[in-house]
>>> print(open('target.cif').read())   # mmCIF, C-alpha atoms and all ligand atoms
data_coords
loop_
_atom_site.label_atom_id
_atom_site.label_comp_id
_atom_site.auth_asym_id
_atom_site.auth_seq_id
_atom_site.Cartn_x
_atom_site.Cartn_y
_atom_site.Cartn_z
CA MET A 1139 12.49 -23.23 7.88
CA ASN A 1140 9.43 -21.60 6.35
CA ASP A 1141 8.20 -19.88 9.50
CA PHE A 1142 6.74 -16.99 7.45
CA GLU A 1143 4.73 -19.16 5.05
CA GLY A 1144 1.45 -17.39 4.30
CA LEU A 1145 2.44 -14.17 6.09
CA LYS A 1146 2.57 -10.76 4.41
CA ALA A 1147 5.20 -8.21 5.36
CA LEU A 1148 5.96 -4.57 4.62
CA VAL A 1149 9.51 -3.26 5.10
CA THR A 1150 10.22 0.48 5.01
CA GLY A 1151 13.68 1.48 3.84
CA GLY A 1152 13.84 -1.98 2.32
CA ALA A 1153 15.93 -1.06 -0.73
CA SER A 1154 19.25 -0.94 1.13
CA GLY A 1155 21.21 -2.18 4.14
CA ILE A 1156 19.28 -3.61 7.09
CA GLY A 1157 15.89 -3.20 5.41
CA ARG A 1158 17.01 -4.98 2.28
CA ALA A 1159 18.56 -7.87 4.23
CA THR A 1160 15.33 -8.14 6.23
CA ALA A 1161 13.07 -8.11 3.17
CA GLU A 1162 15.20 -10.80 1.52
CA LEU A 1163 15.28 -12.96 4.67
CA LEU A 1164 11.52 -12.78 5.22
CA ALA A 1165 10.92 -13.66 1.57
CA ALA A 1166 13.37 -16.57 1.77
CA ARG A 1167 11.44 -17.82 4.83
CA GLY A 1168 8.16 -17.87 2.89
CA ALA A 1169 6.63 -14.40 3.38
CA ARG A 1170 5.20 -12.23 0.65
CA VAL A 1171 7.14 -9.00 1.07
CA ALA A 1172 6.59 -5.43 -0.11
CA VAL A 1173 9.30 -2.81 0.20
CA LEU A 1174 8.47 0.84 0.70
CA ASP A 1175 11.41 3.15 -0.06
CA LEU A 1176 12.33 6.60 -1.38
CA ASP A 1177 14.20 4.83 -4.17
CA PRO A 1178 12.93 1.30 -4.79
CA SER A 1179 14.49 1.06 -8.28
CA ALA A 1180 16.97 -1.65 -7.18
CA VAL A 1181 14.32 -3.84 -5.55
CA ALA A 1182 13.96 -7.10 -7.46
CA GLU A 1183 11.49 -9.99 -7.51
CA PRO A 1184 10.12 -11.73 -5.56
CA LEU A 1185 9.99 -8.50 -3.52
CA LEU A 1186 7.24 -6.03 -4.41
CA ALA A 1187 8.32 -2.39 -4.53
CA HIS A 1188 6.51 0.85 -3.72
CA ARG A 1189 7.95 4.33 -3.75
CA ALA A 1190 7.17 6.42 -0.69
CA ASP A 1191 8.68 9.14 1.46
CA VAL A 1192 8.05 8.35 5.14
CA GLY A 1193 8.46 12.08 5.70
CA ASP A 1194 5.17 12.68 3.88
CA ASP A 1195 1.89 11.44 5.33
CA ALA A 1196 -0.06 11.30 2.05
CA SER A 1197 2.77 9.42 0.35
CA VAL A 1198 2.88 6.86 3.19
CA ARG A 1199 -0.90 6.33 3.28
CA GLN A 1200 -1.03 5.85 -0.48
CA ALA A 1201 1.93 3.44 -0.59
CA VAL A 1202 0.80 1.36 2.40
CA ALA A 1203 -2.67 0.95 0.89
CA ALA A 1204 -1.18 -0.03 -2.48
CA ALA A 1205 1.29 -2.46 -0.88
CA VAL A 1206 -1.41 -4.12 1.22
CA ALA A 1207 -3.60 -4.47 -1.87
CA ASP A 1208 -0.68 -6.16 -3.68
CA LEU A 1209 0.10 -8.41 -0.73
CA GLY A 1210 -3.52 -9.30 -0.02
CA GLY A 1211 -3.31 -8.28 3.66
CA LEU A 1212 -0.68 -7.42 6.24
CA ASP A 1213 0.81 -9.37 9.17
CA VAL A 1214 4.21 -7.77 9.69
CA LEU A 1215 5.35 -4.15 9.58
CA VAL A 1216 9.10 -3.55 9.73
CA ASN A 1217 9.46 0.15 10.48
CA ASN A 1218 13.08 0.59 9.43
CA ALA A 1219 13.60 3.67 7.22
CA GLY A 1220 15.87 6.18 8.87
CA ILE A 1221 18.60 8.73 8.23
CA GLY A 1222 21.73 9.74 10.11
CA ALA A 1223 22.93 12.96 11.71
CA GLN A 1224 26.20 13.85 13.32
CA GLY A 1225 27.22 16.47 15.84
CA THR A 1226 26.62 17.88 19.28
CA VAL A 1227 23.58 20.02 20.16
CA GLU A 1228 25.57 23.04 18.93
CA ASP A 1229 26.14 21.62 15.47
CA ASN A 1230 22.58 21.18 14.16
CA ASP A 1231 20.02 23.98 13.85
CA ASP A 1232 16.27 23.69 14.36
CA ALA A 1233 15.64 22.96 10.69
CA GLU A 1234 17.99 19.96 10.79
CA TRP A 1235 16.41 18.71 14.03
CA HIS A 1236 12.96 18.91 12.46
CA ARG A 1237 14.13 17.19 9.26
CA VAL A 1238 15.71 14.19 11.00
CA LEU A 1239 12.99 13.85 13.68
CA ASP A 1240 10.42 13.97 10.90
CA VAL A 1241 11.91 10.98 9.08
CA ASN A 1242 13.20 8.89 11.99
CA VAL A 1243 10.31 9.33 14.44
CA LEU A 1244 7.26 10.65 12.62
CA GLY A 1245 8.12 8.39 9.67
CA MET A 1246 7.51 5.37 11.90
CA VAL A 1247 4.37 6.94 13.40
CA ARG A 1248 2.91 7.65 9.95
CA THR A 1249 3.64 4.15 8.69
CA ALA A 1250 2.20 2.53 11.82
CA ARG A 1251 -0.92 4.70 11.62
CA ALA A 1252 -1.48 3.64 8.02
CA ALA A 1253 -0.74 -0.04 8.73
CA LEU A 1254 -2.61 -0.63 12.02
CA PRO A 1255 -6.09 -1.05 10.50
CA TYR A 1256 -4.73 -3.90 8.36
CA LEU A 1257 -2.64 -5.43 11.18
CA ARG A 1258 -5.79 -5.67 13.33
CA GLU A 1259 -7.16 -8.14 10.76
CA SER A 1260 -4.13 -10.46 11.16
CA ALA A 1261 -3.87 -13.45 13.50
CA HIS A 1262 -0.06 -12.99 13.71
CA ALA A 1263 0.39 -9.23 13.77
CA ALA A 1264 3.84 -7.89 14.61
CA VAL A 1265 5.58 -4.55 14.29
CA VAL A 1266 9.37 -4.41 14.52
CA GLN A 1267 11.12 -1.03 14.53
CA THR A 1268 14.79 -0.40 13.85
CA CYS A 1269 16.00 1.57 16.83
CA SER A 1270 19.73 1.80 17.67
CA ILE A 1271 22.23 1.35 20.43
CA ALA A 1272 22.37 5.17 20.18
CA ALA A 1273 19.10 5.23 22.16
CA THR A 1274 20.86 4.08 25.31
CA ALA A 1275 24.65 4.17 24.81
CA GLY A 1276 25.50 7.88 25.00
CA LEU A 1277 27.48 8.02 21.75
CA PRO A 1278 29.65 11.11 21.14
CA ARG A 1279 28.61 13.56 18.38
CA ARG A 1280 25.25 11.88 17.84
CA ALA A 1281 22.92 14.16 19.87
CA LEU A 1282 20.20 14.53 17.26
CA TYR A 1283 20.38 10.97 15.95
CA SER A 1284 20.38 9.55 19.49
CA ALA A 1285 17.36 11.67 20.44
CA THR A 1286 15.42 10.28 17.49
CA LYS A 1287 16.28 6.71 18.46
CA GLY A 1288 15.44 7.37 22.13
CA ALA A 1289 12.04 8.44 20.86
CA VAL A 1290 11.74 5.25 18.78
CA LEU A 1291 12.49 3.17 21.89
CA ALA A 1292 9.81 4.97 23.94
CA LEU A 1293 7.40 4.79 21.01
CA THR A 1294 7.95 1.03 20.81
CA LEU A 1295 7.08 0.55 24.48
CA ALA A 1296 4.01 2.79 24.24
CA MET A 1297 2.75 1.08 21.08
CA ALA A 1298 3.29 -2.34 22.67
CA ALA A 1299 1.04 -1.30 25.55
CA ASP A 1300 -1.59 0.29 23.33
CA HIS A 1301 -1.95 -2.61 20.91
CA LEU A 1302 -1.29 -5.68 23.09
CA HIS A 1303 -4.98 -6.37 23.56
CA GLU A 1304 -5.59 -6.05 19.84
CA GLY A 1305 -3.19 -8.96 19.30
CA ILE A 1306 -0.45 -6.76 17.80
CA ARG A 1307 3.07 -7.22 19.20
CA VAL A 1308 5.51 -4.29 18.96
CA ASN A 1309 9.26 -4.68 19.52
CA CYS A 1310 12.47 -3.07 18.33
CA VAL A 1311 16.05 -4.02 17.58
CA ASN A 1312 19.02 -1.97 18.79
CA PRO A 1313 21.86 -2.54 16.31
CA GLY A 1314 25.39 -1.45 17.02
CA THR A 1315 27.31 -0.13 14.02
CA ALA A 1316 26.21 -2.27 11.12
CA ASP A 1317 28.09 -2.66 7.86
CA THR A 1318 25.58 -1.11 5.44
CA PRO A 1319 25.79 1.39 2.56
CA TRP A 1320 24.98 4.09 5.14
CA ILE A 1321 28.15 3.34 7.11
CA GLY A 1322 30.02 3.05 3.80
CA ARG A 1323 29.00 6.65 3.00
CA LEU A 1324 30.04 7.79 6.49
CA LEU A 1325 33.46 6.18 6.10
CA ASP A 1326 33.94 7.60 2.60
CA ALA A 1327 33.36 11.10 4.02
CA ALA A 1328 35.89 10.63 6.85
CA ASP A 1329 39.39 12.18 6.66
CA ASP A 1330 40.90 8.75 7.29
CA PRO A 1331 38.31 6.05 6.40
CA ALA A 1332 40.51 3.16 7.58
CA ALA A 1333 41.13 4.77 10.98
CA GLU A 1334 37.44 5.65 11.31
CA ARG A 1335 36.44 2.06 10.50
CA ALA A 1336 38.94 0.73 13.05
CA ALA A 1337 37.48 3.10 15.69
CA LEU A 1338 33.95 1.89 14.95
CA GLU A 1339 35.07 -1.74 15.14
CA ALA A 1340 36.93 -1.16 18.41
CA ARG A 1341 33.78 0.33 19.99
CA GLN A 1342 32.10 -3.07 19.85
CA PRO A 1343 33.55 -5.76 22.15
CA SER A 1344 33.31 -8.29 19.30
CA GLY A 1345 35.93 -6.15 17.48
CA ARG A 1346 33.93 -6.07 14.25
CA LEU A 1347 30.90 -4.39 12.74
CA VAL A 1348 27.53 -6.10 12.90
CA THR A 1349 26.30 -7.42 9.54
CA ALA A 1350 22.99 -6.38 8.01
CA ALA A 1351 22.07 -10.09 7.92
CA GLU A 1352 22.57 -10.36 11.69
CA VAL A 1353 20.21 -7.44 12.30
CA ALA A 1354 17.75 -8.96 9.82
CA GLY A 1355 17.87 -12.22 11.80
CA ALA A 1356 16.87 -10.42 15.00
CA ILE A 1357 14.08 -8.55 13.19
CA ALA A 1358 12.83 -11.81 11.67
CA TYR A 1359 12.72 -13.46 15.10
CA LEU A 1360 10.68 -10.59 16.56
CA ALA A 1361 8.40 -10.60 13.51
CA SER A 1362 7.80 -14.34 13.56
CA PRO A 1363 5.25 -16.33 15.55
CA LEU A 1364 8.32 -17.90 17.26
CA SER A 1365 8.42 -14.79 19.49
CA GLY A 1366 4.66 -14.85 20.12
CA ALA A 1367 4.97 -14.05 23.84
CA THR A 1368 7.38 -11.13 23.32
CA THR A 1369 6.22 -7.53 23.12
CA GLY A 1370 7.63 -4.19 24.28
CA THR A 1371 11.27 -5.29 24.14
CA ALA A 1372 14.47 -4.02 22.54
CA LEU A 1373 16.80 -6.72 21.28
CA ALA A 1374 20.45 -5.62 21.20
CA VAL A 1375 22.42 -6.67 18.11
CA ASP A 1376 25.65 -4.93 18.94
CA GLY A 1377 28.56 -7.33 19.37
CA GLY A 1378 28.23 -7.18 23.15
CA MET A 1379 28.34 -3.39 23.40
CA GLN A 1380 25.33 -2.89 25.60
CA GLY A 1381 22.41 -5.13 26.39
CA LEU A 1382 19.01 -3.85 27.43
P1 LIG A 1401 20.76 2.56 4.48
O1 LIG A 1401 21.01 4.00 4.18
O2 LIG A 1401 21.67 1.52 3.92
O3 LIG A 1401 19.25 2.21 4.10
C1 LIG A 1401 18.20 3.06 4.46
C2 LIG A 1401 17.08 2.95 3.44
O4 LIG A 1401 16.02 3.83 3.89
C3 LIG A 1401 17.48 3.42 2.03
O5 LIG A 1401 17.03 2.49 1.07
C4 LIG A 1401 16.78 4.76 1.88
O6 LIG A 1401 16.41 5.05 0.53
C5 LIG A 1401 15.56 4.58 2.78
N1 LIG A 1401 15.02 5.86 3.22
C6 LIG A 1401 15.71 6.90 3.76
N2 LIG A 1401 14.87 7.94 3.98
C7 LIG A 1401 13.64 7.53 3.57
C8 LIG A 1401 12.37 8.16 3.52
N3 LIG A 1401 12.20 9.45 3.91
N4 LIG A 1401 11.31 7.45 3.07
C9 LIG A 1401 11.47 6.17 2.64
N5 LIG A 1401 12.66 5.53 2.63
C10 LIG A 1401 13.73 6.21 3.09
O7 LIG A 1401 20.75 2.50 6.09
P2 LIG A 1401 20.83 1.28 7.13
O8 LIG A 1401 22.16 1.32 7.76
O9 LIG A 1401 20.32 0.02 6.52
O10 LIG A 1401 19.78 1.82 8.22
C11 LIG A 1401 18.46 1.33 8.32
C12 LIG A 1401 17.95 1.63 9.72
O11 LIG A 1401 18.84 1.06 10.68
C13 LIG A 1401 17.83 3.12 10.08
O12 LIG A 1401 16.65 3.33 10.82
C14 LIG A 1401 19.04 3.35 10.97
O13 LIG A 1401 18.84 4.41 11.88
C15 LIG A 1401 19.14 2.01 11.67
N6 LIG A 1401 20.45 1.71 12.23
C16 LIG A 1401 21.55 1.60 11.42
C17 LIG A 1401 22.77 1.30 11.99
C18 LIG A 1401 24.02 1.17 11.17
O14 LIG A 1401 25.11 1.18 11.76
N7 LIG A 1401 23.93 1.00 9.86
C19 LIG A 1401 22.88 1.13 13.38
C20 LIG A 1401 21.74 1.24 14.16
C21 LIG A 1401 20.53 1.53 13.57
#
>>> encode(input="target.cif", output="structure tokens", more="lines below")
Ligand code: NAD
Amino acid sequence: MNDFEGLKALVTGGASGIGRATAELLAARGARVAVLDLDPSAVAEPLLAHRADVGDDASVRQAVAAAVADLGGLDVLVNNAGIGAQGTVEDNDDAEWHRVLDVNVLGMVRTARAALPYLRESAHAAVVQTCSIAATAGLPRRALYSATKGAVLALTLAMAADHLHEGIRVNCVNPGTADTPWIGRLLDAADDPAAERAALEARQPSGRLVTAAEVAGAIAYLASPLSGATTGTALAVDGGMQGL
């Protein structure tokens, strides 16, 4: 099904995990896709690659402009780049809060700000942001990370309202724990990786981790004209953990 034929998409954090699976799926469905990532060295054709740090406004503006020039326009922004943080409010100092908020929240704001002028020119404009079940589930030892994703959820709703009448839909996905290189790193750092993996799997009623491809499928739906009447929603992709 080539439901993205003729559409142009930009995926932040598209060199790994959920972003990579999304970029590959959109390309397989007919989109021209540019990836924007801190380290795009592993990004291969047909995907276009641009280096950018979403934590830096000038870097984002420059990379978005270059990517849109390469693509020849922009219809879909997948705001996906993000980083993790563990601990209670007592475990992370102000500097760490600022660092993670800057990437996970302001990173999406910067990219949207740079992309909106181009999206306004599109007849099928859609923004999809990677939020998390952490925004609503009350996960232990994820105070900072959850706060950033709560902000992404609220940002999604506010952006949907602001840009509805410009023909730009804005939605997000709320993945449960997804089997990506990020979770691989988290497990490698655990005292007992097998026990930690089993605990993560048990948290989801499906008894398994979500795959990056499953999250990409939800993102693709929200990015495609198939969801043309849907804006301001969060689609749970969490093995039945918590709907919204
Ligand atoms: P990942 O680490 O596999 O991939 C993240 C990508 O983002 C990497 O390619 C990395 O280089 C890039 N990136 C990180 N910081 C960046 C920056 N400052 N500028 C540009 N690029 C940057 O992670 P993932 O698991 O695929 O996570 C992707 C998104 O999904 C994140 O927003 C994360 O919060 C969210 N998420 C992940 C899970 C999960 O369990 N894996 C669950 C819910 C939500």
>>> residues_around(input="target.cif", residues="region 1232-1241 of chain A", least_positions_apart="5", cutoff="10 Å", atoms="all atoms listed in the file", output="number ranges by chain")
A: 1191-1194, 1219-1223, 1227, 1246-1248, 1281-1283, 1285-1287, 1289
>>> write_last_selection(input="target.cif", atoms="C-alpha atoms", output="PDB file, in the frame of the given file")
ATOM      1  CA  ASP A1191       8.680   9.140   1.460  1.00  0.00           C
ATOM      2  CA  VAL A1192       8.050   8.350   5.140  1.00  0.00           C
ATOM      3  CA  GLY A1193       8.460  12.080   5.700  1.00  0.00           C
ATOM      4  CA  ASP A1194       5.170  12.680   3.880  1.00  0.00           C
ATOM      5  CA  ALA A1219      13.600   3.670   7.220  1.00  0.00           C
ATOM      6  CA  GLY A1220      15.870   6.180   8.870  1.00  0.00           C
ATOM      7  CA  ILE A1221      18.600   8.730   8.230  1.00  0.00           C
ATOM      8  CA  GLY A1222      21.730   9.740  10.110  1.00  0.00           C
ATOM      9  CA  ALA A1223      22.930  12.960  11.710  1.00  0.00           C
ATOM     10  CA  VAL A1227      23.580  20.020  20.160  1.00  0.00           C
ATOM     11  CA  MET A1246       7.510   5.370  11.900  1.00  0.00           C
ATOM     12  CA  VAL A1247       4.370   6.940  13.400  1.00  0.00           C
ATOM     13  CA  ARG A1248       2.910   7.650   9.950  1.00  0.00           C
ATOM     14  CA  ALA A1281      22.920  14.160  19.870  1.00  0.00           C
ATOM     15  CA  LEU A1282      20.200  14.530  17.260  1.00  0.00           C
ATOM     16  CA  TYR A1283      20.380  10.970  15.950  1.00  0.00           C
ATOM     17  CA  ALA A1285      17.360  11.670  20.440  1.00  0.00           C
ATOM     18  CA  THR A1286      15.420  10.280  17.490  1.00  0.00           C
ATOM     19  CA  LYS A1287      16.280   6.710  18.460  1.00  0.00           C
ATOM     20  CA  ALA A1289      12.040   8.440  20.860  1.00  0.00           C
TER      21      ALA A1289
END
>>> closest_residue(input="target.cif", among="A:Thr1226, A:Asp1195, A:Gln1200, A:Leu1209", to="Arg1279 (chain A)", atoms="all atoms listed in the file")
A:Thr1226
>>> residues_around(input="target.cif", residues="Gln1380 (chain A)", least_positions_apart="4", cutoff="12 Å", atoms="only C-alpha atoms", output="list in words")
Ser1270, Ile1271, Ala1272, Ala1273, Thr1274, Ala1275, Gly1276, Leu1277, Asn1312, Pro1313, Gly1314, Arg1341, Gln1342, Pro1343, Ser1344, Ala1372, Leu1373, Ala1374, Val1375 and Asp1376 of chain A
>>> atom_distance(input="target.cif", atom1="CA of Gln1267 (chain A)", atom2="CA of Ala1351 (chain A)")
15.7 Å
>>> closest_residue(input="target.cif", among="A:Ser1260, A:Thr1315, A:Thr1249, A:Asn1230", to="ligand LIG 1401 (chain A)", atoms="all atoms listed in the file")
A:Thr1315
>>> atom_distance(input="target.cif", atom1="atom C13 of ligand LIG 1401 (chain A)", atom2="CA of Tyr1359 (chain A)")
18.1 Å
>>> closest_atom_pairs(input="target.cif", of="region 1254-1354 of chain A", to="region 1158-1174 of chain A", cutoff="9 Å", atoms="all atoms listed in the file", output="JSON lines")
{"residue": "A:Ala1350", "atom": "CA", "partner": "A:Ala1159", "partner_atom": "CA", "distance": 6.0}
{"residue": "A:Ala1351", "atom": "CA", "partner": "A:Ala1159", "partner_atom": "CA", "distance": 5.6}
{"residue": "A:Glu1352", "atom": "CA", "partner": "A:Ala1159", "partner_atom": "CA", "distance": 8.8}
{"residue": "A:Val1353", "atom": "CA", "partner": "A:Thr1160", "partner_atom": "CA", "distance": 7.8}
{"residue": "A:Ala1354", "atom": "CA", "partner": "A:Thr1160", "partner_atom": "CA", "distance": 4.4}
>>> axis_aligned_box(input="target.cif", around="ligand LIG 1401 (chain A)", padding_each_side="6 Å", output="JSON")
{"center_x": 18.2, "center_y": 4.7, "center_z": 7.3, "size_x": 25.8, "size_y": 21.4, "size_z": 25.6}
>>> closest_residue(input="target.cif", among="A:Ala1332, A:Ala1367, A:Ala1264, A:Val1348", to="ligand LIG 1401 (chain A)", atoms="only C-alpha atoms and all ligand atoms")
A:Val1348
>>> atom_distance(input="target.cif", atom1="CA of Val1214 (chain A)", atom2="CA of Gly1144 (chain A)")
11.4 Å
>>> closest_residue(input="target.cif", among="A:Gly1366, A:Gly1378, A:Pro1331, A:Gly1151", to="ligand LIG 1401 (chain A)", atoms="all atoms listed in the file")
A:Gly1151
>>> closest_residue(input="target.cif", among="A:Thr1268, A:Gly1370, A:Ala1333, A:Ala1361", to="Leu1302 (chain A)", atoms="all atoms listed in the file")
A:Gly1370
>>> closest_residue(input="target.cif", among="A:Asp1175, A:His1188, A:Ala1299, A:Arg1251", to="Gly1155 (chain A)", atoms="all atoms listed in the file")
A:Asp1175
>>> residues_around(input="target.cif", residues="Pro1178 (chain A)", least_positions_apart="3", cutoff="6 Å", atoms="all atoms listed in the file", output="PyMOL selection string")
chain A and resi 1153+1175+1181+1187+1189
